[in-house]
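Asks: Provided below: target.pdb, containing PDB, C-alpha atoms.
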ATOM      1  CA  MET A   1     -36.757-228.655-126.805
ATOM      2  CA  ILE A   2     -33.861-227.541-128.940
ATOM      3  CA  GLU A   3     -35.633-225.587-131.673
ATOM      4  CA  LEU A   4     -33.325-222.657-132.369
ATOM      5  CA  PRO A   5     -29.801-222.616-133.793
ATOM      6  CA  ARG A   6     -28.521-220.769-130.710
ATOM      7  CA  ALA A   7     -29.836-223.512-128.453
ATOM      8  CA  ALA A   8     -27.944-226.141-130.474
ATOM      9  CA  LEU A   9     -24.786-224.040-130.374
ATOM     10  CA  THR A  10     -25.021-223.534-126.600
ATOM     11  CA  ALA A  11     -26.183-227.070-125.809
ATOM     12  CA  ASN A  12     -23.375-227.529-123.293
ATOM     13  CA  ARG A  13     -24.941-224.848-121.098
ATOM     14  CA  ILE A  14     -28.417-226.322-121.475
ATOM     15  CA  ALA A  15     -27.091-229.791-120.590
ATOM     16  CA  GLU A  16     -25.959-228.480-117.211
ATOM     17  CA  VAL A  17     -29.603-228.513-116.123
ATOM     18  CA  ALA A  18     -31.412-230.701-118.679
ATOM     19  CA  GLU A  19     -31.777-234.462-118.350
ATOM     20  CA  PHE A  20     -32.651-234.965-122.035
ATOM     21  CA  PHE A  21     -32.808-233.067-125.310
ATOM     22  CA  SER A  22     -35.490-233.262-127.924
ATOM     23  CA  PHE A  23     -34.623-231.449-131.124
ATOM     24  CA  GLY A  24     -37.734-229.921-132.675
ATOM     25  CA  THR A  25     -36.544-230.413-136.224
ATOM     26  CA  ASN A  26     -39.471-228.673-137.906
ATOM     27  CA  ASP A  27     -38.845-225.418-136.032
ATOM     28  CA  LEU A  28     -35.072-225.849-136.213
ATOM     29  CA  THR A  29     -35.371-226.228-139.995
ATOM     30  CA  GLN A  30     -37.484-223.084-140.223
ATOM     31  CA  THR A  31     -35.076-220.975-138.200
ATOM     32  CA  ALA A  32     -31.850-222.410-139.632
ATOM     33  CA  MET A  33     -32.970-222.117-143.240
ATOM     34  CA  GLY A  34     -35.053-218.967-142.906
ATOM     35  CA  LEU A  35     -38.132-220.701-144.301
ATOM     36  CA  SER A  36     -41.708-220.447-143.133
ATOM     37  CA  ARG A  37     -43.275-223.880-143.115
ATOM     38  CA  ASP A  38     -46.681-222.242-143.562
ATOM     39  CA  ASP A  39     -45.646-220.453-146.767
ATOM     40  CA  SER A  40     -43.119-222.864-148.239
ATOM     41  CA  GLY A  41     -45.732-225.072-149.906
ATOM     42  CA  ARG A  42     -46.067-222.404-152.587
ATOM     43  CA  PHE A  43     -42.427-222.535-153.695
ATOM     44  CA  LEU A  44     -40.695-225.644-152.268
ATOM     45  CA  PRO A  45     -42.051-228.012-154.937
ATOM     46  CA  PHE A  46     -40.495-225.737-157.576
ATOM     47  CA  TYR A  47     -37.202-225.666-155.635
ATOM     48  CA  VAL A  48     -37.081-229.455-155.420
ATOM     49  CA  GLU A  49     -38.160-229.961-159.036
ATOM     50  CA  ASN A  50     -35.435-227.579-160.242
ATOM     51  CA  LYS A  51     -32.770-229.057-157.922
ATOM     52  CA  ILE A  52     -32.403-225.879-155.860
ATOM     53  CA  PHE A  53     -33.023-228.143-152.860
ATOM     54  CA  PRO A  54     -32.363-231.891-153.167
ATOM     55  CA  ASP A  55     -35.456-232.647-151.044
ATOM     56  CA  ASP A  56     -38.181-230.813-149.185
ATOM     57  CA  PRO A  57     -36.293-229.859-145.992
ATOM     58  CA  PHE A  58     -39.479-230.297-143.968
ATOM     59  CA  GLN A  59     -39.721-233.936-145.079
ATOM     60  CA  THR A  60     -36.048-235.001-145.243
ATOM     61  CA  LEU A  61     -33.595-233.443-142.816
ATOM     62  CA  ASP A  62     -31.094-231.024-144.369
ATOM     63  CA  GLN A  63     -28.037-232.942-143.176
ATOM     64  CA  GLU A  64     -25.535-230.364-144.389
ATOM     65  CA  GLY A  65     -26.994-227.418-142.446
ATOM     66  CA  VAL A  66     -29.621-228.420-139.909
ATOM     67  CA  GLY A  67     -27.855-231.752-139.447
ATOM     68  CA  GLN A  68     -24.696-229.927-138.431
ATOM     69  CA  LEU A  69     -26.676-228.132-135.737
ATOM     70  CA  LEU A  70     -27.931-231.488-134.446
ATOM     71  CA  ASP A  71     -24.413-232.921-134.461
ATOM     72  CA  ILE A  72     -23.001-229.880-132.651
ATOM     73  CA  GLY A  73     -25.826-230.007-130.111
ATOM     74  CA  VAL A  74     -25.236-233.708-129.447
ATOM     75  CA  GLN A  75     -21.486-233.253-129.018
ATOM     76  CA  LYS A  76     -21.785-230.179-126.810
ATOM     77  CA  GLY A  77     -24.577-231.659-124.709
ATOM     78  CA  ARG A  78     -22.762-234.919-124.107
ATOM     79  CA  SER A  79     -19.523-233.096-123.323
ATOM     80  CA  VAL A  80     -21.267-231.968-120.123
ATOM     81  CA  ARG A  81     -23.587-234.931-119.521
ATOM     82  CA  ALA A  82     -22.307-238.119-121.162
ATOM     83  CA  ASP A  83     -25.522-240.056-120.492
ATOM     84  CA  LEU A  84     -27.789-237.356-121.950
ATOM     85  CA  LYS A  85     -30.746-238.891-123.790
ATOM     86  CA  ILE A  86     -31.232-237.115-127.102
ATOM     87  CA  GLY A  87     -33.838-237.452-129.814
ATOM     88  CA  ILE A  88     -35.931-235.590-132.318
ATOM     89  CA  CYS A  89     -39.608-234.939-132.693
ATOM     90  CA  GLY A  90     -41.298-233.907-135.891
ATOM     91  CA  GLU A  91     -41.888-235.241-139.353
ATOM     92  CA  HIS A  92     -38.206-236.031-139.853
ATOM     93  CA  GLY A  93     -38.561-238.880-137.359
ATOM     94  CA  GLY A  94     -40.520-240.830-139.955
ATOM     95  CA  ASP A  95     -38.185-240.247-142.895
ATOM     96  CA  PRO A  96     -35.722-243.118-143.475
ATOM     97  CA  GLU A  97     -32.762-240.944-144.538
ATOM     98  CA  SER A  98     -33.300-238.666-141.543
ATOM     99  CA  VAL A  99     -33.555-241.608-139.141
ATOM    100  CA  ILE A 100     -30.308-243.060-140.462
ATOM    101  CA  PHE A 101     -28.599-239.678-140.051
ATOM    102  CA  CYS A 102     -29.912-239.399-136.486
ATOM    103  CA  HIS A 103     -28.427-242.802-135.712
ATOM    104  CA  LYS A 104     -25.065-241.733-137.156
ATOM    105  CA  VAL A 105     -24.869-238.640-134.936
ATOM    106  CA  GLY A 106     -25.749-240.659-131.837
ATOM    107  CA  LEU A 107     -29.389-239.891-131.092
ATOM    108  CA  ASN A 108     -31.208-242.281-128.777
ATOM    109  CA  TYR A 109     -34.679-241.985-130.285
ATOM    110  CA  VAL A 110     -36.894-240.396-132.890
ATOM    111  CA  SER A 111     -40.576-239.683-132.589
ATOM    112  CA  CYS A 112     -42.943-239.397-135.495
ATOM    113  CA  SER A 113     -46.539-239.620-136.604
ATOM    114  CA  PRO A 114     -48.112-243.013-135.829
ATOM    115  CA  TYR A 115     -48.484-243.978-139.501
ATOM    116  CA  ARG A 116     -44.724-243.467-139.988
ATOM    117  CA  VAL A 117     -43.632-245.718-137.091
ATOM    118  CA  PRO A 118     -43.085-248.849-139.242
ATOM    119  CA  ILE A 119     -40.850-246.886-141.637
ATOM    120  CA  ALA A 120     -38.897-245.360-138.742
ATOM    121  CA  LEU A 121     -38.412-248.766-137.104
ATOM    122  CA  LEU A 122     -37.145-250.303-140.342
ATOM    123  CA  ALA A 123     -34.711-247.432-140.966
ATOM    124  CA  ALA A 124     -33.431-247.598-137.371
ATOM    125  CA  ALA A 125     -32.934-251.359-137.648
ATOM    126  CA  GLN A 126     -31.070-250.971-140.946
ATOM    127  CA  ALA A 127     -28.803-248.310-139.425
ATOM    128  CA  ALA A 128     -28.053-250.495-136.392
ATOM    129  CA  LEU A 129     -27.303-253.518-138.583
ATOM    130  CA  ALA A 130     -25.048-251.440-140.818
ATOM    131  CA  ASP A 131     -23.058-250.451-137.725
ATOM    132  CA  LYS A 132     -22.521-254.087-136.830
ATOM    133  CA  THR A 133     -21.675-255.285-140.328
ATOM    134  CA  GLY A 134     -19.839-252.231-141.666
ATOM    135  CA  ALA A 135     -22.294-251.941-144.540
ATOM    136  CA  SER A 136     -23.585-248.613-145.761
ATOM    137  CA  VAL A 137     -27.234-247.691-145.655
ATOM    138  CA  GLY A 138     -29.126-244.696-147.013
ATOM    139  CA  THR A 139     -28.785-242.694-150.174
ATOM    140  CA  THR A 140     -27.175-239.459-148.900
ATOM    141  CA  ALA A 141     -24.092-238.710-146.883
TER     142      ALA A 141
END
Can the structure in the file be given as structure tokens, please?
Replies:
Amino acid sequence: MIELPRAALTANRIAEVAEFFSFGTNDLTQTAMGLSRDDSGRFLPFYVENKIFPDDPFQTLDQEGVGQLLDIGVQKGRSVRADLKIGICGEHGGDPESVIFCHKVGLNYVSCSPYRVPIALLAAAQAALADKTGASVGTTA
């Protein structure tokens, strides 16, 4: 599990002994953004409503910050082990924008809650089709 920023930044060293990575995006979000998931329910709705955050970072992956850590981890891990299987686990695996981002950075899989599987499958299929057709998909960069 890659759940801390330092682990993402040193993924090349972890890949020397690991056969796969699973980014724990809930914990990675907490540590990268300095937010407690347990306490954030009291203020995150206000932050989203007042455009301090574009989305709840525990629902939609913060592509600019946490996403960079994923991208760095993927690149560093695969620089050592090109066939490294990499995915995420957590609520982000069921969010369409997050799934599309994960596809763009080269993840092999996402896992999510069972009720979110149909949404994740549709988003993954749209991302794969967009690759083949050159179309864009998703609402954020």
Asks: For Asp83 (chain A), which of A:Asn108, A:Gly134, A:Ile14, A:Phe58 is the closest residue, counting all atoms listed in the file?
Replies: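 Among the listed residues, A:Asn108 lies closest to Asp83 (chain A).
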Asks: Report, in Å to a single decimal, how far apart CA of Val48 (chain A) and CA of Thr25 (chain A) are.
Replies: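 Going from CA of Thr25 (chain A) over to CA of Val48 (chain A), I get 19.2 Å.
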Asks: Rank A:Ile72, A:Ile86, A:Val137, A:Leu4 by their smallest atom-to-atom distance to Leu107 (chain A), using only C-alpha atoms, and report the top residue only.
Replies: A:Ile86
Asks: Excluding same-chain residues fewer than 3 positions from Pro96 (chain A), what lies within 7 Å of it counting all atoms listed in the file, as a list in words?
Replies: Val99, Ile100, Ile119, Ala120 and Ala123 of chain A
Asks: Distance CA of Leu121 (chain A)-CA of Leu61 (chain A), one decimal place?
Replies: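 Computing it gives 17.0 Å between the two atoms.
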Asks: When you draw a straight line from CA of Leu69 (chain A) to CA of Gly94 (chain A), how long is it in Å?
Replies: 19.3 Å
Asks: Rank A:Phe21, A:Gly77, A:Pro57, A:Ile2 by their smallest atom-to-atom distance to Ser36 (chain A), using only C-alpha atoms, and report the top residue only.
Replies: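 The closest residue to Ser36 (chain A) is A:Pro57.
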Asks: What lies within 9 Å of Val66 (chain A) using only C-alpha atoms, ignoring chain neighbours under 2 positions off, as a ChimeraX atom specification?
Replies: /A:5,25,28-29,32-33,61-64,68-71
Asks: Nearest residue to Gly93 (chain A) out of A:Lys76, A:Arg81, A:Arg13, A:Arg116, using only C-alpha atoms?
Replies: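 Among the listed residues, the smallest separation from Gly93 (chain A) belongs to A:Arg116.
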Asks: Name the closest residue to Arg37 (chain A) among the candidates A:Asp56, A:Ser79, A:Tyr109, A:Cys89; distances are taken between atoms, counting only C-alpha atoms.
Replies: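 Of all the options, A:Asp56 lies closest to Arg37 (chain A).
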Asks: For the structure provided, state which residues fall under the PyMOL selection byres ((chain A and resi 90) around 8), and present them as a ChimeraX atom specification.
Replies: /A:24-26,88-89,91-93,111-113
Asks: Which residue out of A:Arg6, A:Gln30, A:Asp95, A:Lys132 has the minimum interatomic distance to Tyr115 (chain A) when only C-alpha atoms are used?
Replies: A:Asp95
Asks: From the block you just saw, export region 7-19 of chain A: all heavy atoms, as a PDB file, in the first residue's frame.
Replies:
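The result, written out as decode.pdb:
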ATOM      1  N   ALA A   7       6.166   7.540   0.516  1.00  0.00           N
ATOM      2  CA  ALA A   7       6.148   6.263  -0.211  1.00  0.00           C
ATOM      3  C   ALA A   7       5.992   6.508  -1.715  1.00  0.00           C
ATOM      4  O   ALA A   7       6.651   5.844  -2.520  1.00  0.00           O
ATOM      5  CB  ALA A   7       5.029   5.373   0.310  1.00  0.00           C
ATOM      6  N   ALA A   8       5.136   7.448  -2.093  1.00  0.00           N
ATOM      7  CA  ALA A   8       4.981   7.761  -3.524  1.00  0.00           C
ATOM      8  C   ALA A   8       6.269   8.338  -4.092  1.00  0.00           C
ATOM      9  O   ALA A   8       6.663   8.023  -5.217  1.00  0.00           O
ATOM     10  CB  ALA A   8       3.825   8.737  -3.723  1.00  0.00           C
ATOM     11  N   LEU A   9       6.936   9.177  -3.309  1.00  0.00           N
ATOM     12  CA  LEU A   9       8.153   9.827  -3.782  1.00  0.00           C
ATOM     13  C   LEU A   9       9.352   8.885  -3.839  1.00  0.00           C
ATOM     14  O   LEU A   9      10.313   9.147  -4.555  1.00  0.00           O
ATOM     15  CB  LEU A   9       8.476  11.038  -2.898  1.00  0.00           C
ATOM     16  CG  LEU A   9       7.432  12.156  -2.930  1.00  0.00           C
ATOM     17  CD1 LEU A   9       7.732  13.208  -1.866  1.00  0.00           C
ATOM     18  CD2 LEU A   9       7.356  12.780  -4.311  1.00  0.00           C
ATOM     19  N   THR A  10       9.292   7.799  -3.094  1.00  0.00           N
ATOM     20  CA  THR A  10      10.391   6.815  -3.094  1.00  0.00           C
ATOM     21  C   THR A  10       9.921   5.490  -3.693  1.00  0.00           C
ATOM     22  O   THR A  10      10.459   4.431  -3.368  1.00  0.00           O
ATOM     23  CB  THR A  10      10.946   6.596  -1.671  1.00  0.00           C
ATOM     24  OG1 THR A  10       9.898   6.111  -0.828  1.00  0.00           O
ATOM     25  CG2 THR A  10      11.529   7.878  -1.097  1.00  0.00           C
ATOM     26  N   ALA A  11       8.948   5.552  -4.569  1.00  0.00           N
ATOM     27  CA  ALA A  11       8.359   4.346  -5.154  1.00  0.00           C
ATOM     28  C   ALA A  11       9.369   3.495  -5.901  1.00  0.00           C
ATOM     29  O   ALA A  11       9.218   2.271  -5.978  1.00  0.00           O
ATOM     30  CB  ALA A  11       7.199   4.720  -6.066  1.00  0.00           C
ATOM     31  N   ASN A  12      10.409   4.105  -6.430  1.00  0.00           N
ATOM     32  CA  ASN A  12      11.434   3.324  -7.134  1.00  0.00           C
ATOM     33  C   ASN A  12      12.110   2.348  -6.174  1.00  0.00           C
ATOM     34  O   ASN A  12      12.412   1.210  -6.554  1.00  0.00           O
ATOM     35  CB  ASN A  12      12.456   4.238  -7.805  1.00  0.00           C
ATOM     36  CG  ASN A  12      13.071   5.252  -6.860  1.00  0.00           C
ATOM     37  OD1 ASN A  12      12.362   5.892  -6.069  1.00  0.00           O
ATOM     38  ND2 ASN A  12      14.374   5.440  -6.932  1.00  0.00           N
ATOM     39  N   ARG A  13      12.317   2.739  -4.948  1.00  0.00           N
ATOM     40  CA  ARG A  13      12.942   1.843  -3.972  1.00  0.00           C
ATOM     41  C   ARG A  13      11.972   0.744  -3.546  1.00  0.00           C
ATOM     42  O   ARG A  13      12.368  -0.403  -3.368  1.00  0.00           O
ATOM     43  CB  ARG A  13      13.429   2.648  -2.776  1.00  0.00           C
ATOM     44  CG  ARG A  13      14.537   3.622  -3.225  1.00  0.00           C
ATOM     45  CD  ARG A  13      15.291   4.272  -2.128  1.00  0.00           C
ATOM     46  NE  ARG A  13      15.870   3.309  -1.229  1.00  0.00           N
ATOM     47  CZ  ARG A  13      16.080   3.565   0.062  1.00  0.00           C
ATOM     48  NH1 ARG A  13      15.768   4.731   0.566  1.00  0.00           N
ATOM     49  NH2 ARG A  13      16.612   2.645   0.849  1.00  0.00           N
ATOM     50  N   ILE A  14      10.721   1.098  -3.406  1.00  0.00           N
ATOM     51  CA  ILE A  14       9.705   0.100  -3.034  1.00  0.00           C
ATOM     52  C   ILE A  14       9.542  -0.920  -4.152  1.00  0.00           C
ATOM     53  O   ILE A  14       9.395  -2.114  -3.904  1.00  0.00           O
ATOM     54  CB  ILE A  14       8.376   0.798  -2.693  1.00  0.00           C
ATOM     55  CG1 ILE A  14       8.558   1.698  -1.457  1.00  0.00           C
ATOM     56  CG2 ILE A  14       7.270  -0.224  -2.455  1.00  0.00           C
ATOM     57  CD1 ILE A  14       7.397   2.633  -1.179  1.00  0.00           C
ATOM     58  N   ALA A  15       9.589  -0.458  -5.399  1.00  0.00           N
ATOM     59  CA  ALA A  15       9.411  -1.346  -6.555  1.00  0.00           C
ATOM     60  C   ALA A  15      10.526  -2.376  -6.695  1.00  0.00           C
ATOM     61  O   ALA A  15      10.363  -3.375  -7.390  1.00  0.00           O
ATOM     62  CB  ALA A  15       9.297  -0.527  -7.835  1.00  0.00           C
ATOM     63  N   GLU A  16      11.640  -2.156  -6.035  1.00  0.00           N
ATOM     64  CA  GLU A  16      12.722  -3.142  -6.079  1.00  0.00           C
ATOM     65  C   GLU A  16      12.299  -4.466  -5.452  1.00  0.00           C
ATOM     66  O   GLU A  16      12.810  -5.519  -5.813  1.00  0.00           O
ATOM     67  CB  GLU A  16      13.959  -2.600  -5.357  1.00  0.00           C
ATOM     68  CG  GLU A  16      14.623  -1.440  -6.076  1.00  0.00           C
ATOM     69  CD  GLU A  16      15.746  -0.798  -5.275  1.00  0.00           C
ATOM     70  OE1 GLU A  16      16.045  -1.252  -4.151  1.00  0.00           O
ATOM     71  OE2 GLU A  16      16.327   0.183  -5.782  1.00  0.00           O
ATOM     72  N   VAL A  17      11.341  -4.405  -4.526  1.00  0.00           N
ATOM     73  CA  VAL A  17      10.905  -5.624  -3.842  1.00  0.00           C
ATOM     74  C   VAL A  17       9.411  -5.919  -3.998  1.00  0.00           C
ATOM     75  O   VAL A  17       8.964  -7.018  -3.715  1.00  0.00           O
ATOM     76  CB  VAL A  17      11.262  -5.586  -2.334  1.00  0.00           C
ATOM     77  CG1 VAL A  17      12.773  -5.606  -2.151  1.00  0.00           C
ATOM     78  CG2 VAL A  17      10.656  -4.385  -1.651  1.00  0.00           C
ATOM     79  N   ALA A  18       8.637  -4.941  -4.443  1.00  0.00           N
ATOM     80  CA  ALA A  18       7.188  -5.123  -4.569  1.00  0.00           C
ATOM     81  C   ALA A  18       6.818  -5.627  -5.953  1.00  0.00           C
ATOM     82  O   ALA A  18       7.453  -5.257  -6.945  1.00  0.00           O
ATOM     83  CB  ALA A  18       6.470  -3.802  -4.304  1.00  0.00           C
ATOM     84  N   GLU A  19       5.804  -6.462  -6.024  1.00  0.00           N
ATOM     85  CA  GLU A  19       5.312  -6.952  -7.310  1.00  0.00           C
ATOM     86  C   GLU A  19       4.122  -6.139  -7.809  1.00  0.00           C
ATOM     87  O   GLU A  19       3.742  -6.241  -8.966  1.00  0.00           O
ATOM     88  CB  GLU A  19       4.938  -8.425  -7.194  1.00  0.00           C
ATOM     89  CG  GLU A  19       6.149  -9.296  -6.916  1.00  0.00           C
ATOM     90  CD  GLU A  19       5.797 -10.768  -6.792  1.00  0.00           C
ATOM     91  OE1 GLU A  19       4.666 -11.145  -7.145  1.00  0.00           O
ATOM     92  OE2 GLU A  19       6.664 -11.533  -6.347  1.00  0.00           O
TER      93      GLU A  19
END
